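Have a look at the structure below before the remarks.
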Amino acid sequence: MQTGENEQALRKILDMTRLISIVLLGIHFYYYGYNAFKQWQLVSPLSDTILDNIYKTGLFNFFHKSKLLVLAFLLISLLGAKGRKNEKLQLKMALYYLISGVCLYFSTYVFIILPLPANIRVVLYMFFTTCGYLLLLTGGILLTRIITSRINHKDIFNKENETFPQEERLLENEYSINLPAQYYLKDKIRNSWINIINPFRSLLVAGTPGSGKSYFVIRHVITQHIRKGFSMFIYDFKFDDLSKIAYNTWLNSKHFYPVEPKFYVINFDDLSRTHRCNPLDPSAMTDITDAAESARTILLGLNREWIKKQGDFFVESPINFLTAIIWYLRKYNDGEFCTLPHVIELMQMDYDNLFTILRTEKEIDVLINPFVSAYLKDVMDQLEGQIASAKISMARLASPQLYYVLSGSDFSLDINNPLEPKIVCMGNNPQKIQTYGAVLSLYVSRLIKQVNQKGKLKSSLIFDEFPTIYLNNMDSLIATARSNKVATCLGIQDFSQLRKDYGREQADVILNISGNIISGQVTGDTAKQLSDRFGKIMQDRESLSINSSDTSISRSKQLESAVPASKISSLSSGQFVGMVADDPNCKIELKTFHSEILNDHKALEKEIDNYEEIAQIRKIDNSIVQRNYLQIKQDIQDVINSEIEKIINDQGRAHLIIKK
C-alpha cells in the first residue's frame, strides 16, 4: 500500500536518475569539446584527473556510447513520471517529439567534423544536442500523460456495448415460424434466426405504422403456416392486403393438404367477391349461453365505451334483451330465421306484439320479465333506457349489403374441421370500422367457439390491427387453445391502443400471457414495458475522472437493460426486438433478440407482381340485394302475424297477449 513517504522517495530517485543523465551529458560535452573548454579556460588539474579516471571506465570507447548511456538514464527517469494525464493528447504528437529528438540528438556528430574553428564546432554541437535531448524529454513526458485506455468516443450511443449473443440455429418443426435475420455482436454483423417454434403460445406483433409488421412478420406467418397445412382465419383490416397473400399461397400449396381446404372471403364492400355466412348458425348454437355471448360481443363491438362498464344495469339490460331475441329465433322452427338480420328486424317491432311472442318461450321468460313489467307499469323512461340503446345500436347494421352477407350460408365457421378444412379471410374497411368491426367481432367470437375444440386440425388465427375488433374471451383462447393446436397472431400498434379499446385489465392479461412477442418501433410505456421484459445483460463500464493533479480511469461491469426503451423507440423499419417461447422438446437458451429481419425484396416484389386477384364468386346486382332485404323484413312480419294468431286461437295462452 502506497504512503506519502514512499511516493516522495520515488520522486527523489527519479529526479536523481534524470540528474545523472544530465551530468553524463555534460561530461560527454566536456570530453569531446576539451580543446574548446581549454581555450575558454574552463579546465583544471582536478577536472583532468577526474576525466582521466572516467576514461579508464571505457565510457568513451566510441563516440555514441556515452550518449546512449545518457538516453538510458533519461528513459529510467521517465518510466515513473506522473504528469497529469490529458484525454486530448494524441500519440502522434508525442511520437513527433521523440522521432525529432532522436534524429537531432544523434545527427549532431556532423558538427564535430565540420571544418570550423574548435570553439564554434563545440558550441553548435552542444546546442543542437541539448535541443535533441529536450525534445526527447518532452516527447517522453507527453507519452506518459497520454491516456492509453481511451473511452470509445465513436460509439456515442453505446451500440456495441448493448449487443448480446442471439440464436443462430435454424430450429424448425411442423408448426414453427422461422424468420431469417442479422444482428450486431460487438462490431460484427452475424446471421441469426427468429424461431417461433411454439406458435400455440400466441404471437404478439407490435409496432407503429410503417414499422413493417405485415411485410416482415405477418406475411411470413401466413405463408409458412399454409405451406405446413394449417387451417386459417385472417382478419384483414385493410382488405385485401393479407387476403391476397393467403389466396395465392393457397393456390400454390393446397395440394399439400391431406384434404384440400376451401378458400372463403367475407367482404361487405364488394358483394361479387364475398361469400355469405350466418354467424348465428343455429347448428352451432346449442345453449342459451351461446346466444348471450353473441349478444354481448355484438353490442360491446358497437358500443366500445360499454367494455369498461360491464356489469352496469344499463349495459347488462340491452345485452339480456338481445339475448332473448336471438334465442327466440333459434328456437322458432328449429332456427329457420336465426340470422342477425332477422334479429335486427324483430327488435324493431312494436312492444305489444314483440313481448307477446317472446313470452311464449319459457327459456327466455326470466330475461324479458323486467322489460314486460316496466312496459305494463308504464315506466317508459326506464324501458327505453333499457331497450332503446340496443335497438339504436343494432339499427346501424340495417343495410341491404350487410343483410345479404349475414343471411346466407355458403360455409360454416368450423375452419379446422378435419373433413372440411377452410382458409377464411374477413375484410374490414378503415372508413367503416365501427359498423364492420362489430359484425366481424361476432363472426370471430362464434368461430373461436367452434375452433377451440379437441380432435380438430391445427389452425392459425391471424388478427391484423387486433384492437379494431372486440373479442370478449380472447385471453381465455390464448390460455386454453394451446392444447387444441390453435395458434394466434395478434397485430397491434401500441399497448395503449389495446388498453383504450379493451380496458386496462383485459389488455394487460392479453399482453402478459402472450409467450412470443415481436416488436418494431414503439414508444412511451410500451417501450419501457418491453425493455423490462427483455431483462438485463452484463455490460462493461468505463469512467474517466480528471482533476488538477491526476487523471484516473475506472472500469466496472454492471447489469444494464439488454434493449433500452430509447433503442426500441428508434428502431428502423425492418428492425425488431422480441422474445420467443420454447417447449420441452426444444429448449432455447437465447430467447431474446434485437435484429433486422431479412426479406428478399426482389423475390417478394416479383412474387407480388405475379399474384392473381381473388376470384369473383358470383354475379350480383342491386335488385338481388334489395329483394333479400325486403324478404327478411317480410319473414319477421310473417312470424309476428302467425304467432299472434296462434296465441289468440289458443285459450291456454291467451293471457300472454299484451295490449296497451
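Within each chain, counting starts at residue 1; across the C-alpha cells, chains are named A, B, ... in the order shown, with ligands numbered 1 upward in that order.
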Give me the residues near Ala479 of chain A as a PyMOL selection string, where near means some atom within 12 Å (using only C-alpha atoms) and where sequence neighbours in that chain fewer than 6 positions away do not count. chain A and resi 200-202+452+473+485-488+509-515
I want to know what sits within 9 Å of segment 67-70 of chain A, based on only C-alpha atoms, with residues of the same chain fewer than 2 positions away left out; could you give that as number ranges by chain? A: 18, 20-25, 28, 59, 63-65, 72-75, 105-106
Using only N, CA and C atoms, please write the residues we just selected to a file, as a JSON list (two decimals), in the first residue's frame.
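New file part-v3.json:
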[["chain", "number", "residue", "atom", "x", "y", "z"],
["A", 18, "ARG", "N", 17.40, 11.38, -13.44],
["A", 18, "ARG", "CA", 17.43, 12.38, -14.51],
["A", 18, "ARG", "C", 18.66, 13.28, -14.37],
["A", 20, "ILE", "N", 21.56, 12.37, -13.11],
["A", 20, "ILE", "CA", 22.70, 11.58, -13.59],
["A", 20, "ILE", "C", 22.77, 11.65, -15.11],
["A", 21, "SER", "N", 21.60, 11.57, -15.76],
["A", 21, "SER", "CA", 21.57, 11.66, -17.22],
["A", 21, "SER", "C", 22.13, 12.99, -17.69],
["A", 22, "ILE", "N", 21.77, 14.08, -17.00],
["A", 22, "ILE", "CA", 22.24, 15.41, -17.40],
["A", 22, "ILE", "C", 23.74, 15.54, -17.14],
["A", 23, "VAL", "N", 24.21, 15.03, -15.98],
["A", 23, "VAL", "CA", 25.65, 15.08, -15.66],
["A", 23, "VAL", "C", 26.46, 14.32, -16.68],
["A", 24, "LEU", "N", 25.98, 13.11, -17.06],
["A", 24, "LEU", "CA", 26.69, 12.33, -18.08],
["A", 24, "LEU", "C", 26.76, 13.08, -19.40],
["A", 25, "LEU", "N", 25.66, 13.79, -19.75],
["A", 25, "LEU", "CA", 25.69, 14.56, -20.98],
["A", 25, "LEU", "C", 26.71, 15.70, -20.88],
["A", 28, "HIS", "N", 30.08, 14.23, -21.33],
["A", 28, "HIS", "CA", 30.26, 13.95, -22.77],
["A", 28, "HIS", "C", 30.69, 15.22, -23.51],
["A", 59, "LEU", "N", 33.96, 4.54, -20.83],
["A", 59, "LEU", "CA", 32.77, 5.30, -21.22],
["A", 59, "LEU", "C", 32.93, 5.95, -22.60],
["A", 63, "PHE", "N", 32.19, 7.05, -29.83],
["A", 63, "PHE", "CA", 31.58, 8.37, -29.68],
["A", 63, "PHE", "C", 30.18, 8.31, -29.06],
["A", 64, "HIS", "N", 29.34, 7.38, -29.51],
["A", 64, "HIS", "CA", 27.93, 7.38, -29.11],
["A", 64, "HIS", "C", 27.65, 6.57, -27.85],
["A", 65, "LYS", "N", 28.71, 5.94, -27.27],
["A", 65, "LYS", "CA", 28.47, 5.11, -26.09],
["A", 65, "LYS", "C", 27.94, 5.94, -24.93],
["A", 72, "ALA", "N", 19.65, 6.13, -21.69],
["A", 72, "ALA", "CA", 19.18, 5.06, -20.82],
["A", 72, "ALA", "C", 18.71, 5.62, -19.48],
["A", 73, "PHE", "N", 19.52, 6.51, -18.89],
["A", 73, "PHE", "CA", 19.11, 7.11, -17.61],
["A", 73, "PHE", "C", 17.89, 8.01, -17.79],
["A", 74, "LEU", "N", 17.82, 8.70, -18.93],
["A", 74, "LEU", "CA", 16.63, 9.52, -19.19],
["A", 74, "LEU", "C", 15.38, 8.66, -19.28],
["A", 75, "LEU", "N", 15.49, 7.52, -19.94],
["A", 75, "LEU", "CA", 14.35, 6.60, -20.07],
["A", 75, "LEU", "C", 13.90, 6.09, -18.71],
["A", 105, "TYR", "N", 19.38, 14.40, -31.93],
["A", 105, "TYR", "CA", 20.34, 14.00, -30.89],
["A", 105, "TYR", "C", 21.53, 13.26, -31.48],
["A", 106, "PHE", "N", 21.26, 12.36, -32.43],
["A", 106, "PHE", "CA", 22.36, 11.55, -32.97],
["A", 106, "PHE", "C", 22.99, 12.16, -34.24]]
Pick from A:Arg482, A:His594, A:His655, A:Lys646 nearest to Ser531 of chain A, counting only C-alpha atoms: A:His594
Would you return as JSON, numbers by chain the members of segment 326-412 of chain A that DSSP assigns to alpha helix (DSSP H) on this structure's backbone? {"A": [326, 327, 328, 329, 330, 331, 340, 341, 342, 343, 344, 345, 346, 347, 351, 352, 353, 354, 355, 356, 357, 358, 365, 366, 367, 368, 369, 370, 371, 372, 373, 374, 375, 376, 380, 381, 382, 383, 384, 385, 386, 387, 388, 389, 390, 391, 392, 393, 394, 395, 400, 401, 402, 403, 404, 405, 406]}
Identify, on the basis of only C-alpha atoms, every residue whose closest approach to Ser272 of chain A does not exceed 7 Å; exclude the query and any residue fewer than 6 positions from it along the same chain; express the result as a PDB file with N, CA, C and O atoms, in the first residue's frame.
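Dumped everything to selection18.pdb:
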ATOM      1  N   GLN A 616     -63.751 -13.836 -58.611  1.00  0.00           N
ATOM      2  CA  GLN A 616     -65.134 -13.389 -58.410  1.00  0.00           C
ATOM      3  C   GLN A 616     -65.989 -14.605 -58.065  1.00  0.00           C
ATOM      4  O   GLN A 616     -65.901 -15.660 -58.699  1.00  0.00           O
ATOM      5  N   ILE A 617     -66.809 -14.459 -57.049  1.00  0.00           N
ATOM      6  CA  ILE A 617     -67.583 -15.592 -56.542  1.00  0.00           C
ATOM      7  C   ILE A 617     -68.933 -15.710 -57.239  1.00  0.00           C
ATOM      8  O   ILE A 617     -69.387 -16.794 -57.575  1.00  0.00           O
ATOM      9  N   ARG A 618     -69.587 -14.587 -57.451  1.00  0.00           N
ATOM     10  CA  ARG A 618     -70.896 -14.606 -58.105  1.00  0.00           C
ATOM     11  C   ARG A 618     -71.161 -13.251 -58.764  1.00  0.00           C
ATOM     12  O   ARG A 618     -70.563 -12.243 -58.385  1.00  0.00           O
ATOM     13  N   LYS A 619     -72.033 -13.279 -59.734  1.00  0.00           N
ATOM     14  CA  LYS A 619     -72.501 -12.023 -60.324  1.00  0.00           C
ATOM     15  C   LYS A 619     -73.745 -11.593 -59.570  1.00  0.00           C
ATOM     16  O   LYS A 619     -74.663 -12.380 -59.370  1.00  0.00           O
ATOM     17  N   ILE A 620     -73.755 -10.367 -59.172  1.00  0.00           N
ATOM     18  CA  ILE A 620     -74.860  -9.894 -58.348  1.00  0.00           C
ATOM     19  C   ILE A 620     -75.174  -8.455 -58.712  1.00  0.00           C
ATOM     20  O   ILE A 620     -74.286  -7.674 -59.048  1.00  0.00           O
TER      21      ILE A 620
END
Out of segment 404-520 of chain A, which residues get strand (DSSP E) from DSSP, as a PDB file with all heavy atoms, in the first residue's frame?
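That gives us part-v7.pdb:
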ATOM      1  N   LYS A 422     -60.705 -25.188 -43.912  1.00  0.00           N
ATOM      2  CA  LYS A 422     -61.001 -23.932 -44.608  1.00  0.00           C
ATOM      3  C   LYS A 422     -59.911 -22.906 -44.326  1.00  0.00           C
ATOM      4  O   LYS A 422     -59.253 -22.934 -43.282  1.00  0.00           O
ATOM      5  CB  LYS A 422     -62.343 -23.356 -44.148  1.00  0.00           C
ATOM      6  CG  LYS A 422     -63.529 -24.292 -44.295  1.00  0.00           C
ATOM      7  CD  LYS A 422     -64.778 -23.657 -43.713  1.00  0.00           C
ATOM      8  CE  LYS A 422     -65.945 -24.629 -43.735  1.00  0.00           C
ATOM      9  NZ  LYS A 422     -65.795 -25.712 -42.757  1.00  0.00           N
ATOM     10  N   ILE A 423     -59.767 -22.003 -45.268  1.00  0.00           N
ATOM     11  CA  ILE A 423     -58.997 -20.775 -45.059  1.00  0.00           C
ATOM     12  C   ILE A 423     -59.973 -19.629 -45.278  1.00  0.00           C
ATOM     13  O   ILE A 423     -60.513 -19.468 -46.367  1.00  0.00           O
ATOM     14  CB  ILE A 423     -57.805 -20.686 -46.031  1.00  0.00           C
ATOM     15  CG1 ILE A 423     -56.812 -21.815 -45.745  1.00  0.00           C
ATOM     16  CG2 ILE A 423     -57.125 -19.320 -45.921  1.00  0.00           C
ATOM     17  CD1 ILE A 423     -55.681 -21.902 -46.739  1.00  0.00           C
ATOM     18  N   VAL A 424     -60.219 -18.866 -44.213  1.00  0.00           N
ATOM     19  CA  VAL A 424     -61.245 -17.830 -44.240  1.00  0.00           C
ATOM     20  C   VAL A 424     -60.594 -16.465 -44.020  1.00  0.00           C
ATOM     21  O   VAL A 424     -59.850 -16.276 -43.057  1.00  0.00           O
ATOM     22  CB  VAL A 424     -62.319 -18.076 -43.160  1.00  0.00           C
ATOM     23  CG1 VAL A 424     -63.343 -16.945 -43.154  1.00  0.00           C
ATOM     24  CG2 VAL A 424     -63.003 -19.417 -43.389  1.00  0.00           C
ATOM     25  N   CYS A 425     -60.872 -15.544 -44.918  1.00  0.00           N
ATOM     26  CA  CYS A 425     -60.386 -14.169 -44.786  1.00  0.00           C
ATOM     27  C   CYS A 425     -61.587 -13.238 -44.619  1.00  0.00           C
ATOM     28  O   CYS A 425     -62.513 -13.288 -45.417  1.00  0.00           O
ATOM     29  CB  CYS A 425     -59.586 -13.747 -46.020  1.00  0.00           C
ATOM     30  SG  CYS A 425     -58.086 -14.707 -46.281  1.00  0.00           S
ATOM     31  N   MET A 426     -61.532 -12.414 -43.591  1.00  0.00           N
ATOM     32  CA  MET A 426     -62.600 -11.449 -43.355  1.00  0.00           C
ATOM     33  C   MET A 426     -62.017 -10.050 -43.427  1.00  0.00           C
ATOM     34  O   MET A 426     -61.079  -9.723 -42.695  1.00  0.00           O
ATOM     35  CB  MET A 426     -63.259 -11.686 -41.998  1.00  0.00           C
ATOM     36  CG  MET A 426     -64.027 -12.988 -41.939  1.00  0.00           C
ATOM     37  SD  MET A 426     -65.053 -13.126 -40.476  1.00  0.00           S
ATOM     38  CE  MET A 426     -65.807 -14.748 -40.774  1.00  0.00           C
ATOM     39  N   GLY A 427     -62.580  -9.243 -44.321  1.00  0.00           N
ATOM     40  CA  GLY A 427     -62.024  -7.921 -44.567  1.00  0.00           C
ATOM     41  C   GLY A 427     -62.805  -6.816 -43.903  1.00  0.00           C
ATOM     42  O   GLY A 427     -64.034  -6.802 -43.912  1.00  0.00           O
ATOM     43  N   SER A 459     -54.706 -25.093 -36.434  1.00  0.00           N
ATOM     44  CA  SER A 459     -55.264 -23.903 -37.074  1.00  0.00           C
ATOM     45  C   SER A 459     -54.498 -22.663 -36.621  1.00  0.00           C
ATOM     46  O   SER A 459     -53.870 -22.645 -35.562  1.00  0.00           O
ATOM     47  CB  SER A 459     -56.753 -23.750 -36.736  1.00  0.00           C
ATOM     48  OG  SER A 459     -56.934 -23.707 -35.337  1.00  0.00           O
ATOM     49  N   SER A 460     -54.574 -21.643 -37.453  1.00  0.00           N
ATOM     50  CA  SER A 460     -53.875 -20.389 -37.186  1.00  0.00           C
ATOM     51  C   SER A 460     -54.857 -19.234 -37.323  1.00  0.00           C
ATOM     52  O   SER A 460     -55.517 -19.094 -38.356  1.00  0.00           O
ATOM     53  CB  SER A 460     -52.700 -20.227 -38.167  1.00  0.00           C
ATOM     54  OG  SER A 460     -51.956 -19.064 -37.888  1.00  0.00           O
ATOM     55  N   LEU A 461     -54.973 -18.430 -36.268  1.00  0.00           N
ATOM     56  CA  LEU A 461     -55.865 -17.269 -36.268  1.00  0.00           C
ATOM     57  C   LEU A 461     -55.003 -16.012 -36.297  1.00  0.00           C
ATOM     58  O   LEU A 461     -54.201 -15.785 -35.382  1.00  0.00           O
ATOM     59  CB  LEU A 461     -56.754 -17.266 -35.027  1.00  0.00           C
ATOM     60  CG  LEU A 461     -57.489 -18.571 -34.698  1.00  0.00           C
ATOM     61  CD1 LEU A 461     -58.330 -18.393 -33.444  1.00  0.00           C
ATOM     62  CD2 LEU A 461     -58.345 -19.015 -35.863  1.00  0.00           C
ATOM     63  N   ILE A 462     -55.145 -15.201 -37.332  1.00  0.00           N
ATOM     64  CA  ILE A 462     -54.290 -14.032 -37.527  1.00  0.00           C
ATOM     65  C   ILE A 462     -55.153 -12.779 -37.527  1.00  0.00           C
ATOM     66  O   ILE A 462     -56.102 -12.670 -38.312  1.00  0.00           O
ATOM     67  CB  ILE A 462     -53.495 -14.157 -38.848  1.00  0.00           C
ATOM     68  CG1 ILE A 462     -52.596 -15.381 -38.788  1.00  0.00           C
ATOM     69  CG2 ILE A 462     -52.682 -12.893 -39.123  1.00  0.00           C
ATOM     70  CD1 ILE A 462     -51.963 -15.753 -40.111  1.00  0.00           C
ATOM     71  N   PHE A 463     -54.800 -11.846 -36.644  1.00  0.00           N
ATOM     72  CA  PHE A 463     -55.579 -10.614 -36.499  1.00  0.00           C
ATOM     73  C   PHE A 463     -54.680  -9.417 -36.770  1.00  0.00           C
ATOM     74  O   PHE A 463     -53.813  -9.087 -35.949  1.00  0.00           O
ATOM     75  CB  PHE A 463     -56.170 -10.508 -35.089  1.00  0.00           C
ATOM     76  CG  PHE A 463     -57.071 -11.657 -34.715  1.00  0.00           C
ATOM     77  CD1 PHE A 463     -56.570 -12.787 -34.088  1.00  0.00           C
ATOM     78  CD2 PHE A 463     -58.417 -11.608 -34.999  1.00  0.00           C
ATOM     79  CE1 PHE A 463     -57.391 -13.840 -33.736  1.00  0.00           C
ATOM     80  CE2 PHE A 463     -59.260 -12.653 -34.661  1.00  0.00           C
ATOM     81  CZ  PHE A 463     -58.741 -13.777 -34.035  1.00  0.00           C
ATOM     82  N   VAL A 486     -54.290 -24.453 -31.587  1.00  0.00           N
ATOM     83  CA  VAL A 486     -54.786 -23.207 -32.168  1.00  0.00           C
ATOM     84  C   VAL A 486     -53.731 -22.129 -31.933  1.00  0.00           C
ATOM     85  O   VAL A 486     -53.458 -21.766 -30.781  1.00  0.00           O
ATOM     86  CB  VAL A 486     -56.130 -22.772 -31.551  1.00  0.00           C
ATOM     87  CG1 VAL A 486     -56.600 -21.464 -32.182  1.00  0.00           C
ATOM     88  CG2 VAL A 486     -57.178 -23.863 -31.748  1.00  0.00           C
ATOM     89  N   ALA A 487     -53.127 -21.650 -32.998  1.00  0.00           N
ATOM     90  CA  ALA A 487     -52.112 -20.594 -32.905  1.00  0.00           C
ATOM     91  C   ALA A 487     -52.774 -19.245 -33.155  1.00  0.00           C
ATOM     92  O   ALA A 487     -53.583 -19.105 -34.078  1.00  0.00           O
ATOM     93  CB  ALA A 487     -51.000 -20.835 -33.924  1.00  0.00           C
ATOM     94  N   THR A 488     -52.427 -18.264 -32.336  1.00  0.00           N
ATOM     95  CA  THR A 488     -52.987 -16.916 -32.516  1.00  0.00           C
ATOM     96  C   THR A 488     -51.858 -15.926 -32.764  1.00  0.00           C
ATOM     97  O   THR A 488     -50.803 -15.998 -32.134  1.00  0.00           O
ATOM     98  CB  THR A 488     -53.782 -16.468 -31.272  1.00  0.00           C
ATOM     99  OG1 THR A 488     -52.943 -16.568 -30.116  1.00  0.00           O
ATOM    100  CG2 THR A 488     -55.012 -17.325 -31.094  1.00  0.00           C
ATOM    101  N   CYS A 489     -52.092 -15.018 -33.690  1.00  0.00           N
ATOM    102  CA  CYS A 489     -51.138 -13.950 -34.003  1.00  0.00           C
ATOM    103  C   CYS A 489     -51.896 -12.627 -33.936  1.00  0.00           C
ATOM    104  O   CYS A 489     -52.826 -12.410 -34.717  1.00  0.00           O
ATOM    105  CB  CYS A 489     -50.525 -14.161 -35.382  1.00  0.00           C
ATOM    106  SG  CYS A 489     -49.462 -12.802 -35.930  1.00  0.00           S
ATOM    107  N   LEU A 490     -51.511 -11.772 -33.001  1.00  0.00           N
ATOM    108  CA  LEU A 490     -52.210 -10.503 -32.777  1.00  0.00           C
ATOM    109  C   LEU A 490     -51.318  -9.347 -33.207  1.00  0.00           C
ATOM    110  O   LEU A 490     -50.211  -9.188 -32.686  1.00  0.00           O
ATOM    111  CB  LEU A 490     -52.575 -10.343 -31.301  1.00  0.00           C
ATOM    112  CG  LEU A 490     -53.280 -11.517 -30.611  1.00  0.00           C
ATOM    113  CD1 LEU A 490     -53.567 -11.187 -29.158  1.00  0.00           C
ATOM    114  CD2 LEU A 490     -54.568 -11.867 -31.339  1.00  0.00           C
ATOM    115  N   GLY A 491     -51.785  -8.545 -34.140  1.00  0.00           N
ATOM    116  CA  GLY A 491     -51.046  -7.365 -34.573  1.00  0.00           C
ATOM    117  C   GLY A 491     -51.624  -6.116 -33.930  1.00  0.00           C
ATOM    118  O   GLY A 491     -52.819  -5.845 -34.047  1.00  0.00           O
ATOM    119  N   ILE A 492     -50.787  -5.367 -33.222  1.00  0.00           N
ATOM    120  CA  ILE A 492     -51.229  -4.124 -32.597  1.00  0.00           C
ATOM    121  C   ILE A 492     -50.193  -3.043 -32.875  1.00  0.00           C
ATOM    122  O   ILE A 492     -49.054  -3.332 -33.242  1.00  0.00           O
ATOM    123  CB  ILE A 492     -51.424  -4.271 -31.069  1.00  0.00           C
ATOM    124  CG1 ILE A 492     -50.084  -4.556 -30.381  1.00  0.00           C
ATOM    125  CG2 ILE A 492     -52.431  -5.362 -30.757  1.00  0.00           C
ATOM    126  CD1 ILE A 492     -50.173  -4.551 -28.871  1.00  0.00           C
ATOM    127  N   ASN A 516     -44.835 -15.406 -27.178  1.00  0.00           N
ATOM    128  CA  ASN A 516     -43.902 -14.881 -28.178  1.00  0.00           C
ATOM    129  C   ASN A 516     -44.250 -13.427 -28.470  1.00  0.00           C
ATOM    130  O   ASN A 516     -45.426 -13.101 -28.647  1.00  0.00           O
ATOM    131  CB  ASN A 516     -43.990 -15.682 -29.481  1.00  0.00           C
ATOM    132  CG  ASN A 516     -43.740 -17.160 -29.280  1.00  0.00           C
ATOM    133  OD1 ASN A 516     -42.615 -17.605 -29.109  1.00  0.00           O
ATOM    134  ND2 ASN A 516     -44.814 -17.949 -29.292  1.00  0.00           N
ATOM    135  N   ILE A 517     -43.249 -12.584 -28.531  1.00  0.00           N
ATOM    136  CA  ILE A 517     -43.505 -11.177 -28.843  1.00  0.00           C
ATOM    137  C   ILE A 517     -42.440 -10.664 -29.796  1.00  0.00           C
ATOM    138  O   ILE A 517     -41.254 -10.939 -29.634  1.00  0.00           O
ATOM    139  CB  ILE A 517     -43.559 -10.319 -27.553  1.00  0.00           C
ATOM    140  CG1 ILE A 517     -43.927  -8.878 -27.897  1.00  0.00           C
ATOM    141  CG2 ILE A 517     -42.246 -10.386 -26.791  1.00  0.00           C
ATOM    142  CD1 ILE A 517     -44.341  -8.061 -26.703  1.00  0.00           C
ATOM    143  N   ILE A 518     -42.904  -9.972 -30.841  1.00  0.00           N
ATOM    144  CA  ILE A 518     -42.015  -9.326 -31.801  1.00  0.00           C
ATOM    145  C   ILE A 518     -42.470  -7.872 -31.899  1.00  0.00           C
ATOM    146  O   ILE A 518     -43.636  -7.600 -32.159  1.00  0.00           O
ATOM    147  CB  ILE A 518     -42.083  -9.991 -33.189  1.00  0.00           C
ATOM    148  CG1 ILE A 518     -41.636 -11.447 -33.108  1.00  0.00           C
ATOM    149  CG2 ILE A 518     -41.219  -9.239 -34.194  1.00  0.00           C
ATOM    150  CD1 ILE A 518     -41.735 -12.191 -34.433  1.00  0.00           C
ATOM    151  N   SER A 519     -41.536  -6.952 -31.688  1.00  0.00           N
ATOM    152  CA  SER A 519     -41.912  -5.540 -31.683  1.00  0.00           C
ATOM    153  C   SER A 519     -40.992  -4.733 -32.576  1.00  0.00           C
ATOM    154  O   SER A 519     -39.768  -4.851 -32.492  1.00  0.00           O
ATOM    155  CB  SER A 519     -41.870  -4.977 -30.253  1.00  0.00           C
ATOM    156  OG  SER A 519     -42.115  -3.577 -30.270  1.00  0.00           O
TER     157      SER A 519
END
Excluding same-chain residues fewer than 3 positions from segment 237-250 of chain A, what lies within 10 Å of it counting only C-alpha atoms, as a ChimeraX atom specification? /A:214-215,218-220,222-227,229,232-234,253-256,260-267,269,423-431,433,437,462-466,468-469,607-608,610-615
Neighbouring residues of Gln453 of chain A were defined as those with any atom within 10 Å, considering only C-alpha atoms; residues of the same chain fewer than 6 positions away were excluded. Please report them as an NGL selection string. :A and (414 or 416-417 or 480-481 or 483-486)
